[in-house]
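**Student:** Just dropping this structure here.
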2 protein chains.
Amino acid sequence: MITFMRALSIGALAEATGVNLETIRYYERIGLMPEPDRTRAGHRRYSPAHGRRLAFIRRARELGFVLADVRSLLALAEPGRTSCSGVRALASAHLGAVRARIADLDRLAGVLAGTIARCDAGRIHCPVLDMLERER
Amino acid sequence: MITFMRALSIGALAEATGVNLETIRYYERIGLMPEPDRTRAGHRRYSPAHGRRLAFIRRARELGFVLADVRSLLALAEPGRTSCSGVRALASAHLGAVRARIADLDRLAGVLAGTIARCDAGRIHCPVLDMLERER
DNA sequence: CTGCATCCCGTAGTGACTACGGGATCAAGG
DNA sequence: CCTTGATCCCGTAGTCACTACGGGATGCAG
């Protein structure tokens, strides 16, 4: 298990969390990650709390939440005023969107597979082009 | 069936094909649609051939082909030197990508659904947040 | 102290559009 | 013929979530 024992440089944090270094700076620019302390020379020093927040963001992104949702989830997860129903609503909505997308892609794959399969039948005209060119 | 009998304005073409007017201009900018003739005042006048090409692009996009693929498909569909095997290869590769994406989303939906389902069990801690916060 | 890895920052590029703004032109009705 | 409102022109910038680049400043090991 990854633990963040001491202050990490941005490169070390990137390695520890698997989040690209430039992405971490991007998250800071858009206000998703708080600004960390700096060394005298201006290099970022990350605390364990930063590491946990970044790991949270990463897992949410892996689950397909858009950054706006991640922002909401972070707010809803604030210690003290945790809102489970809010979190659940967000997750449910997201699940619905994912399932809709799957249904879309399933239909698409069906059309593609059916058309490509007809190629094997040794047609004269290309069935794929036929589909793309045929009106309506 | 939609037929393009005469020269259409960009707005009429947009309506006939269901492609946004600004998108048509965008396709022209990136060289996907050829430049049409213009009226003396500079307004675009589209021929039936333009209409057919745009409809082809639209159907390919609906099937999820990226614009680079659409470009290739258009080249492969050139009358005279039609390449069925090339078209088939592109379509097969795309189908593979679509199926991979579906598999990804299926796994994702499973995780989300499983986690959300645990919310109903009347937990004290929010299972969704638990998942996002837990290390590993 | 030398050299190389790491870090800084701002900017621009990606894909596939969409939106905006300010001006020109067109087509129909009076 | 003239007005009016729809349509069209163009260039630019915004979207999302990053990623890449470049040129300069540090950090740290040998």
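Every chain in the structure tokens takes a letter, A first, then B, and so on in the order presented; its residues are numbered from 1, and the ligands are numbered from 1 following the presented order.
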Determine, using only C-alpha atoms (C1' of nucleotides), which residues of chain A have any atom at most 12 Å from an atom of chain D, and tabulate each with its shortest atom pair and distance in Å to one decimal place, rows ordered by chain and then rising number, as JSON lines.
**Tutor:**
```
{"residue": "A:Ser9", "atom": "CA", "partner": "D:DG27", "partner_atom": "C1'", "distance": 11.1}
{"residue": "A:Val19", "atom": "CA", "partner": "D:DC18", "partner_atom": "C1'", "distance": 11.2}
{"residue": "A:Asn20", "atom": "CA", "partner": "D:DT19", "partner_atom": "C1'", "distance": 9.3}
{"residue": "A:Leu21", "atom": "CA", "partner": "D:DT19", "partner_atom": "C1'", "distance": 10.4}
{"residue": "A:Glu22", "atom": "CA", "partner": "D:DT19", "partner_atom": "C1'", "distance": 7.7}
{"residue": "A:Thr23", "atom": "CA", "partner": "D:DC18", "partner_atom": "C1'", "distance": 6.7}
{"residue": "A:Ile24", "atom": "CA", "partner": "D:DC18", "partner_atom": "C1'", "distance": 10.3}
{"residue": "A:Arg25", "atom": "CA", "partner": "D:DC18", "partner_atom": "C1'", "distance": 10.8}
{"residue": "A:Tyr26", "atom": "CA", "partner": "D:DC18", "partner_atom": "C1'", "distance": 8.0}
{"residue": "A:Tyr27", "atom": "CA", "partner": "D:DC18", "partner_atom": "C1'", "distance": 9.9}
{"residue": "A:Ile30", "atom": "CA", "partner": "D:DA17", "partner_atom": "C1'", "distance": 11.0}
{"residue": "A:Thr39", "atom": "CA", "partner": "D:DT26", "partner_atom": "C1'", "distance": 10.5}
{"residue": "A:Arg40", "atom": "CA", "partner": "D:DT26", "partner_atom": "C1'", "distance": 10.3}
{"residue": "A:Ala41", "atom": "CA", "partner": "D:DT26", "partner_atom": "C1'", "distance": 7.0}
{"residue": "A:Gly42", "atom": "CA", "partner": "D:DT26", "partner_atom": "C1'", "distance": 9.0}
{"residue": "A:His43", "atom": "CA", "partner": "D:DT26", "partner_atom": "C1'", "distance": 8.5}
{"residue": "A:Arg61", "atom": "CA", "partner": "D:DA17", "partner_atom": "C1'", "distance": 10.3}
{"residue": "A:Gly64", "atom": "CA", "partner": "D:DA17", "partner_atom": "C1'", "distance": 11.8}
{"residue": "A:Phe65", "atom": "CA", "partner": "D:DA17", "partner_atom": "C1'", "distance": 11.6}
{"residue": "A:Val66", "atom": "CA", "partner": "D:DA17", "partner_atom": "C1'", "distance": 8.7}
{"residue": "A:Leu67", "atom": "CA", "partner": "D:DA17", "partner_atom": "C1'", "distance": 8.1}
{"residue": "A:Ala68", "atom": "CA", "partner": "D:DC16", "partner_atom": "C1'", "distance": 10.2}
```
**Student:** Could you give me, as number ranges by chain, the residues within 9 Å of Leu129 (chain B), counting only C-alpha atoms (C1' of nucleotides) and dropping anything in the same chain fewer than 2 positions from it?
**Tutor:** A: 56, 73, 77, 84, 87; B: 125-127, 131-134
**Student:** Could you write out the selected residues, including C-alpha atoms, as a short mmCIF file (atom, residue, chain, number, x, y, z; two decimals), in the first residue's frame?
**Tutor:**
```cif
data_model
loop_
_atom_site.label_atom_id
_atom_site.label_comp_id
_atom_site.auth_asym_id
_atom_site.auth_seq_id
_atom_site.Cartn_x
_atom_site.Cartn_y
_atom_site.Cartn_z
CA PHE A 56 -9.29 10.07 -4.87
CA LEU A 73 -17.69 14.35 -5.20
CA ALA A 77 -16.85 13.97 0.70
CA CYS A 84 -24.11 10.05 1.06
CA VAL A 87 -22.81 10.98 -3.71
CA HIS B 125 -20.19 4.84 5.70
CA CYS B 126 -20.97 5.72 2.09
CA PRO B 127 -19.77 2.79 -0.02
CA MET B 131 -14.27 2.99 -2.71
CA LEU B 132 -12.88 6.33 -3.78
CA GLU B 133 -11.01 6.92 -0.57
CA ARG B 134 -9.68 3.48 0.17
#
```
**Student:** Could you tell me how far CA of Leu32 (chain A) sits from CA of Ile57 (chain A), in Å to one decimal place?
**Tutor:** 8.7 Å
**Student:** Going by DSSP on the backbone, which residues of chain A come out as alpha helix (DSSP H)? List them as a ChimeraX atom specification.
**Tutor:** /A:10-17,21-29,48-62,67-76,84-119,127-133
**Student:** Could you pull out the residues in chain B that DSSP calls strand (DSSP E or B) from the backbone, as a ChimeraX atom specification?
**Tutor:** /B:8,37-38,44-46
**Student:** Would you write out those residues with C-alpha atoms, as a compact mmCIF listing (two decimals), in the first residue's frame?
**Tutor:**
```txt
# COMPACT_ATOMS: atom_id res chain seq x y z
CA LEU B 8 -28.19 24.49 -52.23
CA ASP B 37 -18.73 27.28 -56.04
CA ARG B 38 -19.76 30.68 -54.77
CA ARG B 44 -21.58 28.88 -51.08
CA ARG B 45 -23.60 26.86 -53.61
CA TYR B 46 -23.58 23.11 -53.12
```
**Student:** Could you list, as number ranges by chain, the residues of chain A having an atom within 9 Å of chain B when counting only C-alpha atoms?
**Tutor:** A: 1-3, 52-53, 55-60, 62-64, 73, 77, 82-85, 87-88, 91-92, 94-96, 98-99, 101-103, 105-106, 108-109, 111-113, 116, 119, 125-129, 131-136
**Student:** Quick one, how far is CA of Ala7 (chain A) from CA of Ser47 (chain A)?
**Tutor:**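 Atom-to-atom, CA of Ala7 (chain A) to CA of Ser47 (chain A), that is 5.0 Å.
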**Student:** Restrict the distance test to only C-alpha atoms (C1' of nucleotides), flag each residue of chain C within 8 Å of chain A, and return the flagged residues as a ChimeraX atom specification.
**Tutor:** /C:6-8
**Student:** In Å, rounded to a single decimal, give me how far CA of Arg29 (chain B) is from CA of Ala14 (chain B).
**Tutor:** 16.0 Å
